[in-house]
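Worksheet: the structure to be examined is printed underneath.
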Amino acid sequence: MKQTDFNVQERIDSKLFENGIHFLTGDIEQENIDATIKWIVMENLDLRSQKTLTLYVNSSGGDLYNAFALIDTMRNSHHKIRTIGIGSVMSAAFLIVASGTKGERYIAKNAGIMCHQYSDETAGKHHDLKAQMREGEHCHNRMLQILRLATGLPNTKIKSKLLTSTDSYLTAEEIRDLGVVDQII
């Protein structure tokens with residue numbers, strides 16, 4: 001990268017930062033989730049007024065525990081968190097977009113959208129498998145709670161429309177109608 005390219009990127013990042021805008025892209029993993037959590041925590045150091053932070057999400061998913069950490073941080077923010085799903089909004093990223101402040105959750109018309117049940121490719125001893133199954137059930141219940149809070153839907157509807165036994169690919173209109181997001185952009 002040339003020095004001028006770096007300066008342009010630095011100016012862009014600085015301008016976005018000044019305006020409370022952050023991009024969460026790529027796999028939901030420790031590094032990018034940590035950066036997003038730090039951004040929210042840093043913005044919450046100033047509690048003099050309430051503002052709306054804007055989080056763009058473009059991810060095919062990833063680590064569910066990292067998504068839970070971000071969702072908890074978003075819920076405990078003094079400031080509103082506007083989520084805007086663009087590109088790919090799948091798996092753990094779907095939960096993050098749904099967890100934005102109600103009235104402030106957007107989805108791009110052409111976004112690829114998918115939700116599914118918790119899955120973990122594990123193998124091992126019988127007692128380890130039983131423990132992993134219990135944890136899988138706990139993760140599934142947390143996902144239900146997050147989506148119930150985001151949508152107001154009963155568990156039965158969430159299970160039949162979003163957390164089905166196969167991957168659920170949805171349109172922007174479908175998730176708006178289910179209450180996962182508030183508006184299509």
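Identifiers in this document derive from the order of the structure tokens: chains are assigned A, B, ..., residues are numbered from 1 separately in each chain, and ligands are numbered from 1 in order of occurrence.
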* Mind checking which residues fall within 8 Å of His79 (chain A), counting only C-alpha atoms, ignoring those fewer than 6 positions away in the same chain, and posting them as a list in words? =>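 Those residues are Asn44, Gln50, Lys51, Thr52 and Leu53 of chain A.
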* To do: Select from region 54-178 of chain A everything DSSP, run on the backbone, classes as helix (DSSP H, G or I), then give the selection as a count of residues only.
  => 58
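Look at region 153-167 of chain A: the protein and nucleic acid residues within 10 Å of it, using only C-alpha atoms and passing over chain neighbours fewer than 3 places away, are A:Met90, A:Ser91, A:Met114, A:Cys115, A:His116, A:Gln117, A:Tyr118, A:His140, A:Asn141, A:Met143, A:Leu144, A:Gln145, A:Leu147, A:Arg148, A:Leu149, A:Ala150, A:Leu170, A:Glu174, A:Ile175, A:Leu178, A:Gly179, A:Val180.
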* Asked: Between A:Leu45, A:Gln9, A:Asp72, A:His138, which has the minimum distance to Ile33 (chain A) (counting only C-alpha atoms)?
  ->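 The shortest atom-to-atom distance to Ile33 (chain A) comes from A:Asp72.
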* **Nearest residue to Glu104 (chain A) from the set A:Tyr169, A:Phe17, A:Tyr56, A:Tyr65 (distances using only C-alpha atoms)** =>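 Counting only C-alpha atoms, the residue closest to Glu104 (chain A) is A:Tyr56.
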* Asked: Could you pull out all residues of region 16-68 of chain A with a DSSP call of strand (DSSP E or B) and give them as a list in words?
  -> Ile21, His22, Phe23, Leu24, Thr25, Ile28, Thr52, Leu53, Thr54, Leu55, Tyr56, Val57, Asn58, Ser59 and Gly62 of chain A
* Asked: Quick one: of A:Glu18, A:Asp46, A:Glu10, A:Glu29, who's nearest to Ser59 (chain A), counting only C-alpha atoms?
  -> A:Glu29
* To do: Within 12 Å of region 24-28 of chain A, counting only C-alpha atoms, which residues show up once you throw out same-chain ones fewer than 4 positions away? Write them as a PyMOL selection string, please.
  => chain A and resi 32-37+39+54-70+83-97
* Have a look at CA of Gln183 (chain A) and CA of Ile81 (chain A) and let me know their distance in Å, one decimal. =>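 Atom-to-atom, CA of Gln183 (chain A) and CA of Ile81 (chain A) are spaced 14.6 Å apart.
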* To do: Pick out the closest residue to Glu173 (chain A) from this set: A:Gly152, A:Gly100, A:Gly136, A:Gly112. Count only C-alpha atoms.
  =>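 The shortest atom-to-atom distance to Glu173 (chain A) comes from A:Gly112.
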